[in-house]
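**Student:** Take this structure first; my questions come after.
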Amino acid sequence: MNLLPKKLFICCTLLIISLGWVKANPTSRDSLLAVLQNPQPDSALFQNYILLGEAYAKTQKDSSGIFLHKAGQLLKNFKVPRQKARFQRKLGIAYRKSQNADSAAVYLLLALDYFRKNGPEKDRFYTYLETGSVFFELEDRNKAIDLYEAALKLDLSRVDSAKLSDLYTNLGLAYQYTSRFKEAIHYHFEGLRVVIAMHDISGEASSYNNLGVCYLELGQYDDALQQYEKALNIYRQLQDTAQILRRTYAIGGALFGKKMYPEALTYLNRALNMARASNDKLTILSCYQVMGLIYIKLENYPEAERVLRLAETEFPAKGSKRMLIYIKSNLSVLYLNWGTNVQANRKQHLNQAITFSKETILLAKEIDFLMLEKKSYEVLYKAYNELGQHKEAMDYALTYMTLSDSLLNAEKQNAIVEMEAKYEAEKKDLEIDLLNKDKTIANMELSASKEAQKSQRDVIYALLAGVLFISALGMVIFRLYRQKQKANQQLVSQNKTIVQQRDENEVLLKEIHHRVKNNLQIISSLLDLQSGKALDENSRMLTIDSQSRVKAMSLVHELLYQNNNLAEIDMNVYTAKLAAQIQSINHVEGKVYRLDIPHDMMVDIDTAIPLGLILTELLTNAFKYAQSSPEAKPEVEIGIQREKADHLRVRVRDNGPGLPDEQALKAPRSLGLRLVKTLTKQLGGTLQYTYESGACFTLHFVNEKSYP
């Protein structure tokens, strides 16, 4: 989807030759660097920086960022608006290739702002396409859809077929990722029509596969199978073994959905053999899982045990915890069914079901995998019930009902059953009473005496009174039942509202952190642009320092919205990313920092932001002043340790020249040290400076959120 212009300026002929050389020869980067030694027009120099940025993108991202930054600085020299907009788009595409989607979005939006008002439709189309793709990578699918749909409204008659295919495919995927599968199917078919006209059989196979995924999600298994088989036939023609493996596994999954178990096993066994040949661990485990479920359905429990145990045995040490939870859960289901339906070794199998269910619950709690946690509690109460341990069964049943939000429904059903039982008992008692009274009346009628007739009337009156009493009692019971039912409905509604509000608040909080992070990234990119306009080196360095502070705050919000924990930051992860970020800004090659931070070091956002800014200032000074000579290489040590349960010690040491005066920290003159001192007071801590073959700063403060 990346877009290169078809025509370059005449003066860039040498660079076009260099571009071909970059792709064919690893030494081409040296040739491009050599070109920089000669005077060139700004447009040629801009193109050269772009080519170098793309050439270094996969191997040396820091160097790539330096060249792309230089290209961005040249943009101010271009005065023709259309030329400048096209170069902004070109720079955005280059940033996207270097996996810097935030900077790519900044330049592409600038280009789009011009082309939307003034540009030819072709330029507008390509810019919408590239900008949409960047927002797709930033996981803002709805924004990507809006941009793609805007491109579709243009005149598409002169658009390159390959780019039109990319548009339809990307739009289909965007709808697919937002679970709007019917719209996704429509655009995948549009993309299929284009690639067929282009005779692009690889693109045709990809379209069939995307259609198969959508139909599978909609439960239309016949349609899914039809599309998967078309894709598989093409990949066989292309001899693409990786895609043949994936499509074979997908067909097995679709057949499992159709409950065609023998046919599903045939495809899954083929996929398993291919995965073993290519050492595709993930597909091997996936095949074992689905095959195990099929054997459970077929009540072939020994074979189900064999494949699921293989999945457990071959699970890699650093494999996906989510996959491990599925393996444990499926094993618990296997042993529950085995122990319930087969008498041999019944107790042993039920106990194994209990063991695997408890292991699943522990793992599921770690990643908040509620669905399989509930499933495990269901297995536990059924297994204990089969073993005759009814108290344990009842405890786990209650937990299961609570998790599945069905406890109120169960109570309501119990109340109804109890009332019906009482009604039936009273009805039987009444029937017995009536029979007895009938016998008494019959005996009285034989006497034919007035006294007997009087007694008969008394019995009838008593009987009527009894009937009225039972009727009144039934009405009271029915009224109590209706009140109970209404109260339960209100509780269900209130609980549903509370859960919905909780989920909405979590989504909203994540969205807030995401938007704050994006806004701070845009500010950072704008500061990056501004640094290129600085009139002197001092102003440029001040702008770069401000950019580092903004990125430090942005990183906090990025980690918050990416994690399930919306309140706390892992300082090991945060510090590693922060150090790499500041090293990149200061153009230091290679990894020169060393971390000594426990992996469970958690701080809340109110601590993370000032602490991050302090680290930013100290690390910036370390990277900046440790390069006092060309041959000097900075070495930075960063440590965060617990002194007590709630006391933290932060230590940053470098191998630079240190402060010129050890008293400078008491009355700092630089903005950076003044900021460090102010933020230390904000944390309620103390800051010490010593010279240990370089500057060494030690911060002590109380962290109420630290874990023991």
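Here's how to read the names in the structure tokens: chain A, B, ... by the order shown, residue numbers from 1 in each chain, ligand numbers from 1 in the order shown.
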Residues at most 12 Å from A:Val194, counting only C-alpha atoms, excluding those fewer than 6 positions away in the same chain, as a ChimeraX atom specification?
**Tutor:** /A:159-169,187-188,200-201,203-204,207
**Student:** Excluding A:Val592 and any residue of its chain fewer than 4 positions from it, enumerate the residues within 8 Å of it, using only C-alpha atoms, and give them as a PyMOL selection string.
**Tutor:** chain A and resi 633-636
**Student:** Using only C-alpha atoms, which of A:Leu245, A:Ala250, A:Leu613, A:Leu687 sits nearest A:Gly212?
**Tutor:**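 Going through A:Leu245, A:Ala250, A:Leu613, A:Leu687 one by one, the smallest distance to A:Gly212 is for A:Ala250.
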**Student:** Applying 12 Å and only C-alpha atoms, which residues near A:Thr678 remain after dropping the ones on its own chain fewer than 4 positions away? List them as a VMD selection string.
**Tutor:** chain A and resid 610 to 611 613 to 614 665 to 668 671 to 674 682 to 687
**Student:** List as a ChimeraX atom specification the protein and nucleic acid residues near stretch 155-157 of chain A, meaning an atom at most 9 Å away when only C-alpha atoms are counted, but skip any in the same chain fewer than 4 places from it.
**Tutor:** /A:121-122,125,151,164
**Student:** Excluding A:Ala304 and residues on its chain fewer than 5 positions from it, collect all residues at most 12 Å away from it, counting only C-alpha atoms, and give them as a PDB file with N, CA and C atoms, in the first residue's frame.
**Tutor:**
ATOM      1  N   LEU A 265     -11.599 -33.828  11.224  1.00  0.00           N
ATOM      2  CA  LEU A 265     -10.374 -34.508  11.659  1.00  0.00           C
ATOM      3  C   LEU A 265      -9.420 -34.761  10.490  1.00  0.00           C
ATOM      4  N   CYS A 287      -4.215 -27.196  16.413  1.00  0.00           N
ATOM      5  CA  CYS A 287      -4.762 -28.451  15.877  1.00  0.00           C
ATOM      6  C   CYS A 287      -5.086 -29.424  17.011  1.00  0.00           C
ATOM      7  N   TYR A 288      -4.173 -29.576  17.963  1.00  0.00           N
ATOM      8  CA  TYR A 288      -4.424 -30.463  19.089  1.00  0.00           C
ATOM      9  C   TYR A 288      -5.701 -30.053  19.824  1.00  0.00           C
ATOM     10  N   GLN A 289      -5.888 -28.756  20.014  1.00  0.00           N
ATOM     11  CA  GLN A 289      -7.045 -28.266  20.763  1.00  0.00           C
ATOM     12  C   GLN A 289      -8.354 -28.661  20.085  1.00  0.00           C
ATOM     13  N   VAL A 290      -8.472 -28.317  18.792  1.00  0.00           N
ATOM     14  CA  VAL A 290      -9.727 -28.585  18.085  1.00  0.00           C
ATOM     15  C   VAL A 290      -9.949 -30.095  17.961  1.00  0.00           C
ATOM     16  N   MET A 291      -8.885 -30.852  17.708  1.00  0.00           N
ATOM     17  CA  MET A 291      -9.019 -32.313  17.614  1.00  0.00           C
ATOM     18  C   MET A 291      -9.476 -32.898  18.953  1.00  0.00           C
ATOM     19  N   GLY A 292      -8.952 -32.387  20.045  1.00  0.00           N
ATOM     20  CA  GLY A 292      -9.381 -32.858  21.361  1.00  0.00           C
ATOM     21  C   GLY A 292     -10.863 -32.628  21.586  1.00  0.00           C
ATOM     22  N   LEU A 293     -11.367 -31.438  21.194  1.00  0.00           N
ATOM     23  CA  LEU A 293     -12.793 -31.142  21.352  1.00  0.00           C
ATOM     24  C   LEU A 293     -13.649 -32.072  20.491  1.00  0.00           C
ATOM     25  N   ILE A 294     -13.162 -32.376  19.287  1.00  0.00           N
ATOM     26  CA  ILE A 294     -13.915 -33.285  18.414  1.00  0.00           C
ATOM     27  C   ILE A 294     -13.996 -34.679  19.039  1.00  0.00           C
ATOM     28  N   TYR A 295     -12.894 -35.195  19.563  1.00  0.00           N
ATOM     29  CA  TYR A 295     -12.912 -36.522  20.171  1.00  0.00           C
ATOM     30  C   TYR A 295     -13.811 -36.565  21.400  1.00  0.00           C
ATOM     31  N   ILE A 296     -13.889 -35.443  22.133  1.00  0.00           N
ATOM     32  CA  ILE A 296     -14.828 -35.390  23.265  1.00  0.00           C
ATOM     33  C   ILE A 296     -16.254 -35.515  22.757  1.00  0.00           C
ATOM     34  N   LYS A 297     -16.568 -34.788  21.669  1.00  0.00           N
ATOM     35  CA  LYS A 297     -17.915 -34.864  21.086  1.00  0.00           C
ATOM     36  C   LYS A 297     -18.221 -36.289  20.628  1.00  0.00           C
ATOM     37  N   LEU A 298     -17.206 -36.986  20.095  1.00  0.00           N
ATOM     38  CA  LEU A 298     -17.384 -38.358  19.617  1.00  0.00           C
ATOM     39  C   LEU A 298     -17.295 -39.379  20.745  1.00  0.00           C
ATOM     40  N   GLU A 299     -17.076 -38.908  21.999  1.00  0.00           N
ATOM     41  CA  GLU A 299     -16.930 -39.762  23.182  1.00  0.00           C
ATOM     42  C   GLU A 299     -15.768 -40.741  23.059  1.00  0.00           C
ATOM     43  N   ARG A 309      -3.139 -33.935  25.981  1.00  0.00           N
ATOM     44  CA  ARG A 309      -1.907 -34.072  26.771  1.00  0.00           C
ATOM     45  C   ARG A 309      -0.684 -33.699  25.943  1.00  0.00           C
ATOM     46  N   LEU A 310      -0.724 -33.999  24.644  1.00  0.00           N
ATOM     47  CA  LEU A 310       0.364 -33.566  23.764  1.00  0.00           C
ATOM     48  C   LEU A 310       0.441 -32.046  23.727  1.00  0.00           C
ATOM     49  N   ALA A 311      -0.726 -31.398  23.660  1.00  0.00           N
ATOM     50  CA  ALA A 311      -0.746 -29.934  23.671  1.00  0.00           C
ATOM     51  C   ALA A 311      -0.133 -29.399  24.956  1.00  0.00           C
ATOM     52  N   ILE A 327      -5.965 -24.952  26.984  1.00  0.00           N
ATOM     53  CA  ILE A 327      -5.541 -26.353  27.106  1.00  0.00           C
ATOM     54  C   ILE A 327      -6.019 -26.940  28.432  1.00  0.00           C
ATOM     55  N   ASN A 330      -9.872 -27.339  28.448  1.00  0.00           N
ATOM     56  CA  ASN A 330     -10.344 -28.465  27.644  1.00  0.00           C
ATOM     57  C   ASN A 330     -10.043 -29.810  28.314  1.00  0.00           C
ATOM     58  N   LEU A 331      -8.907 -29.889  29.005  1.00  0.00           N
ATOM     59  CA  LEU A 331      -8.606 -31.115  29.750  1.00  0.00           C
ATOM     60  C   LEU A 331      -9.614 -31.335  30.879  1.00  0.00           C
ATOM     61  N   SER A 332     -10.018 -30.255  31.557  1.00  0.00           N
ATOM     62  CA  SER A 332     -11.010 -30.401  32.631  1.00  0.00           C
ATOM     63  C   SER A 332     -12.352 -30.868  32.071  1.00  0.00           C
ATOM     64  N   VAL A 333     -12.745 -30.339  30.903  1.00  0.00           N
ATOM     65  CA  VAL A 333     -14.003 -30.758  30.266  1.00  0.00           C
ATOM     66  C   VAL A 333     -13.915 -32.231  29.851  1.00  0.00           C
ATOM     67  N   LEU A 334     -12.766 -32.616  29.310  1.00  0.00           N
ATOM     68  CA  LEU A 334     -12.573 -34.017  28.916  1.00  0.00           C
ATOM     69  C   LEU A 334     -12.797 -34.955  30.099  1.00  0.00           C
ATOM     70  N   TYR A 335     -12.104 -34.703  31.230  1.00  0.00           N
ATOM     71  CA  TYR A 335     -12.185 -35.626  32.357  1.00  0.00           C
ATOM     72  C   TYR A 335     -13.557 -35.583  33.027  1.00  0.00           C
ATOM     73  N   ASN A 337     -16.465 -35.186  31.347  1.00  0.00           N
ATOM     74  CA  ASN A 337     -17.301 -36.036  30.497  1.00  0.00           C
ATOM     75  C   ASN A 337     -16.937 -37.507  30.648  1.00  0.00           C
ATOM     76  N   TRP A 338     -15.649 -37.774  30.739  1.00  0.00           N
ATOM     77  CA  TRP A 338     -15.174 -39.149  30.888  1.00  0.00           C
ATOM     78  C   TRP A 338     -15.682 -39.758  32.195  1.00  0.00           C
TER      79      TRP A 338
END
